[in-house]
Structures are given as C-alpha cells and as structure tokens.
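Asks: First, the structure itself, so that you have it in front of you.
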Amino acid sequence: MSSPAPRGRPRKLPIGEQRARVLSSAEGVFAVHGAQAATIEQIARRAGVSRQAVYEQFGDRTSLFAQVVVDIEERAFEAIGAPALDLSQPELRFWARANYANMFAFVAANPDAFPVLREAERMGDPALTRLRERLARVYTEASRQRWARHGVDSGRADKALVTLFFAMTEALVQASWDGEPPDADALIDLLTEFTVGGVARLRTTAADVMERLR
C-alpha cells in the first residue's frame, strides 16, 4: 500500500485522481478497521481529499466498501487470471512457475486486498468465493488445453487439480511463520516442482487416476 497522499486542495485534483486515491486509501482503512468501524473521515484524510469529495463520488460508506471490493476483485482477476491462458510456453515448469509467481506478486503488491475480500465474505458478499470460482474456470480451461496437447482427455481432473493448487498457494501466501518467512522464490519453486512432479506421475505411473476422474 502506498503512503498516504499529501493533503492539498481536493477540488484542484482531477476527478480520476481523486477516485483512485480514495479507493486505494479505503482499501487500507477497511483492511485494518473493517467495513463497519472504518470512517469516511479516516479514508478522506488518508487520501488527502475532503469528506465531501468522498461522498460525492461514492455515496455512503457501504457503497464505497462495495466499490472497493469490486475494484480488488477485478484487479486480482486481471493480474492472476489473464496470464493463465497464455499457452505459448509449451514447457509446463515455466508456465506453472510464471502463474504461481503472478499470484505471489499480486499478494505482495496488494497486502490489503485479501483481508478486504475476507471482510466482504463476513459481511455477506461472497467476493472471495466468486474470485476463486472465476479464476478456477480460467485455469481449468488452460489445464484442459495443456492436457489435450498430449492427447489426454483430462475430464474432471482439471477442476480437482486447480482447486488443490489454488488452495495450496492461498495457504502459503497467507501463512504465518516462526521468525522470518521463507524466501518467496523458494516457495514458488516448491509449488512448481510439486506440480510438475505430480503431473508427470498422472501421465505415467498414475494414469489410472485420470481415467477414474473422467
């Protein structure tokens, strides 16, 4: 999260810049205080705009929270989902690693994103569940296409595998560690090698598992 914008004359700021500042600031405030305890005053102060500017652009706190959730969901989907369909890289190891790295990079660059999405779930908006489902559809299709290149009908195994890989990645990026956390690249490599090794077994010695999931 970027540092708070300096206070100035709100009306001198272009509307687009005001909006971006408010969304960024609101994301941080909601992540710390929650949707109900956060205040427009806190958000406006952090954004360097007036409370009136926030109300004019977003309405009340509830509407602003909903817009922040939408913004996070779309940014996450674009950052994590879009690269998955790039099948120009034939080597599974490089493709898998690039996609795991995208997930880690998004979380590192947006540390308040998932706390806000979890808060939305608590408030009755299944935003995190919706994002997971959208990403799963993209990755399942990408996985299906990769299996098809090897003449394998992956059936329902794709959805099962993607569900497992997302669960592992989400758990690792949010894990608490004793002392300093492991190097992110090491965790990405761990996930990559686990994926490559598992897929190799499913194509050879454990091919019957794929057959049972069709």
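Residues in the structure tokens are named by chain (A, B, ... in the order shown) and by number from 1 within that chain; ligands are numbered from 1 in the order shown.
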List the spatial neighbours of region 161-170 of chain A as a PDB file with C-alpha atoms, in the first residue's frame - criterion: any atom at most 7 Å away, only C-alpha atoms, same-chain residues fewer than 5 positions off excluded.

Replies:
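Wrote around.pdb, looks like this:
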ATOM      1  CA  ALA A 136     -10.740 -21.702 -11.358  1.00  0.00           C
ATOM      2  CA  TYR A 139      -7.164 -22.209 -15.032  1.00  0.00           C
ATOM      3  CA  THR A 140      -9.293 -25.291 -15.613  1.00  0.00           C
TER       4      THR A 140
END

Asks: Find the residues near Pro111 (chain A): any atom within 10 Å, counting only C-alpha atoms, skip ones fewer than 4 places away on the same chain, and give them as a list in words.

Replies: Met1, Glu27, Gly28, Ala31, Phe106, Val107, Pro115, Val116 and Gln174 of chain A

Asks: Could you pull the residues within 7 Å of region 85-101 of chain A, counting only C-alpha atoms, minus those fewer than 5 positions along the same chain, as a PyMOL selection string?

Replies: chain A and resi 142+188-189+192+196

Asks: Please run DSSP on the backbone and report, as a VMD selection string, all residues within region 44-133 of chain A that come out as helix (DSSP H, G or I).

Replies: chain A and resid 44 to 47 51 to 58 61 to 85 92 to 109 113 to 122 127 to 133

Asks: Report the distance between CA of Ile80 (chain A) and CA of Leu131 (chain A) in Å, rounded to one decimal place.

Replies: 10.2 Å

Asks: So, counting only C-alpha atoms, which residue among A:Glu141, A:Pro181, A:Gln57, A:Ser25 is closest to Ile43 (chain A)?

Replies: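 That would be A:Ser25, the residue with the smallest distance to Ile43 (chain A).
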
Asks: Which residues come within 9 Å of region 119-123 of chain A, counting only C-alpha atoms, excluding same-chain residues fewer than 3 positions away, as a list in words?

Replies: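 In the requested form, the answer reads Phe30, Ala31, Gly34, Ala35, Phe65, Ala66, Val69, Phe114, Pro115, Val116, Pro126, Ala127, Leu128 and Thr129 of chain A.
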
Asks: Could you turn the residues from that selection into a file that holds all heavy atoms, as a JSON list (two decimals), in the first residue's frame?

Replies:
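Contents of result-v8.json, freshly written:
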[["chain", "number", "residue", "atom", "x", "y", "z"],
["A", 30, "PHE", "N", -10.19, -0.08, 5.33],
["A", 30, "PHE", "CA", -11.12, -1.20, 5.53],
["A", 30, "PHE", "C", -10.37, -2.46, 5.97],
["A", 30, "PHE", "O", -10.89, -3.25, 6.77],
["A", 30, "PHE", "CB", -11.90, -1.49, 4.24],
["A", 30, "PHE", "CG", -12.99, -0.51, 3.95],
["A", 30, "PHE", "CD1", -13.15, 0.03, 2.68],
["A", 30, "PHE", "CD2", -13.90, -0.12, 4.93],
["A", 30, "PHE", "CE1", -14.17, 0.93, 2.40],
["A", 30, "PHE", "CE2", -14.92, 0.79, 4.67],
["A", 30, "PHE", "CZ", -15.04, 1.31, 3.39],
["A", 31, "ALA", "N", -9.17, -2.67, 5.45],
["A", 31, "ALA", "CA", -8.40, -3.85, 5.82],
["A", 31, "ALA", "C", -8.04, -3.83, 7.30],
["A", 31, "ALA", "O", -8.02, -4.86, 7.97],
["A", 31, "ALA", "CB", -7.12, -3.94, 4.98],
["A", 34, "GLY", "N", -12.05, -2.78, 9.26],
["A", 34, "GLY", "CA", -13.28, -3.48, 8.92],
["A", 34, "GLY", "C", -14.29, -2.54, 8.27],
["A", 34, "GLY", "O", -14.16, -1.31, 8.34],
["A", 35, "ALA", "N", -15.30, -3.13, 7.68],
["A", 35, "ALA", "CA", -16.28, -2.34, 6.93],
["A", 35, "ALA", "C", -17.16, -1.48, 7.82],
["A", 35, "ALA", "O", -17.64, -0.43, 7.40],
["A", 35, "ALA", "CB", -17.16, -3.28, 6.10],
["A", 65, "PHE", "N", -17.41, 0.74, 0.30],
["A", 65, "PHE", "CA", -16.85, -0.59, 0.57],
["A", 65, "PHE", "C", -17.16, -1.53, -0.59],
["A", 65, "PHE", "O", -16.28, -2.28, -1.05],
["A", 65, "PHE", "CB", -17.40, -1.16, 1.87],
["A", 65, "PHE", "CG", -16.87, -2.52, 2.20],
["A", 65, "PHE", "CD1", -15.56, -2.68, 2.65],
["A", 65, "PHE", "CD2", -17.67, -3.65, 2.06],
["A", 65, "PHE", "CE1", -15.06, -3.94, 2.96],
["A", 65, "PHE", "CE2", -17.17, -4.91, 2.36],
["A", 65, "PHE", "CZ", -15.87, -5.06, 2.81],
["A", 66, "ALA", "N", -18.39, -1.51, -1.08],
["A", 66, "ALA", "CA", -18.77, -2.37, -2.20],
["A", 66, "ALA", "C", -17.92, -2.08, -3.43],
["A", 66, "ALA", "O", -17.51, -3.01, -4.15],
["A", 66, "ALA", "CB", -20.25, -2.19, -2.52],
["A", 69, "VAL", "N", -14.42, -3.49, -3.01],
["A", 69, "VAL", "CA", -14.43, -4.94, -3.23],
["A", 69, "VAL", "C", -14.44, -5.27, -4.72],
["A", 69, "VAL", "O", -13.68, -6.13, -5.18],
["A", 69, "VAL", "CB", -15.64, -5.58, -2.52],
["A", 69, "VAL", "CG1", -15.80, -7.04, -2.94],
["A", 69, "VAL", "CG2", -15.49, -5.48, -1.01],
["A", 114, "PHE", "N", -6.68, -9.20, 0.18],
["A", 114, "PHE", "CA", -7.37, -10.38, 0.68],
["A", 114, "PHE", "C", -8.03, -10.16, 2.04],
["A", 114, "PHE", "O", -9.12, -10.70, 2.29],
["A", 114, "PHE", "CB", -6.43, -11.59, 0.69],
["A", 114, "PHE", "CG", -6.29, -12.21, -0.67],
["A", 114, "PHE", "CD1", -5.25, -11.84, -1.51],
["A", 114, "PHE", "CD2", -7.22, -13.12, -1.12],
["A", 114, "PHE", "CE1", -5.14, -12.39, -2.79],
["A", 114, "PHE", "CE2", -7.12, -13.67, -2.39],
["A", 114, "PHE", "CZ", -6.08, -13.31, -3.23],
["A", 115, "PRO", "N", -7.45, -9.35, 2.94],
["A", 115, "PRO", "CA", -8.22, -9.02, 4.14],
["A", 115, "PRO", "C", -9.55, -8.35, 3.84],
["A", 115, "PRO", "O", -10.55, -8.62, 4.51],
["A", 115, "PRO", "CB", -7.27, -8.07, 4.89],
["A", 115, "PRO", "CG", -5.91, -8.52, 4.49],
["A", 115, "PRO", "CD", -6.05, -8.90, 3.05],
["A", 116, "VAL", "N", -9.58, -7.47, 2.83],
["A", 116, "VAL", "CA", -10.85, -6.83, 2.47],
["A", 116, "VAL", "C", -11.81, -7.84, 1.86],
["A", 116, "VAL", "O", -13.02, -7.83, 2.18],
["A", 116, "VAL", "CB", -10.61, -5.66, 1.49],
["A", 116, "VAL", "CG1", -11.93, -5.12, 0.95],
["A", 116, "VAL", "CG2", -9.85, -4.53, 2.19],
["A", 126, "PRO", "N", -20.07, -12.73, -1.14],
["A", 126, "PRO", "CA", -19.10, -13.82, -1.36],
["A", 126, "PRO", "C", -18.04, -13.44, -2.39],
["A", 126, "PRO", "O", -17.81, -14.16, -3.37],
["A", 126, "PRO", "CB", -19.99, -14.97, -1.85],
["A", 126, "PRO", "CG", -21.11, -14.29, -2.56],
["A", 126, "PRO", "CD", -21.38, -13.02, -1.77],
["A", 127, "ALA", "N", -17.37, -12.33, -2.17],
["A", 127, "ALA", "CA", -16.42, -11.81, -3.16],
["A", 127, "ALA", "C", -15.23, -12.74, -3.35],
["A", 127, "ALA", "O", -14.80, -12.99, -4.49],
["A", 127, "ALA", "CB", -15.93, -10.43, -2.73],
["A", 128, "LEU", "N", -14.67, -13.26, -2.26],
["A", 128, "LEU", "CA", -13.51, -14.13, -2.38],
["A", 128, "LEU", "C", -13.89, -15.45, -3.03],
["A", 128, "LEU", "O", -13.16, -15.97, -3.88],
["A", 128, "LEU", "CB", -12.90, -14.37, -0.99],
["A", 128, "LEU", "CG", -11.59, -15.15, -0.95],
["A", 128, "LEU", "CD1", -10.54, -14.54, -1.87],
["A", 128, "LEU", "CD2", -11.07, -15.21, 0.48],
["A", 129, "THR", "N", -15.04, -15.97, -2.66],
["A", 129, "THR", "CA", -15.53, -17.20, -3.30],
["A", 129, "THR", "C", -15.75, -16.98, -4.78],
["A", 129, "THR", "O", -15.38, -17.83, -5.62],
["A", 129, "THR", "CB", -16.86, -17.64, -2.65],
["A", 129, "THR", "OG1", -16.63, -17.91, -1.27],
["A", 129, "THR", "CG2", -17.42, -18.88, -3.32]]
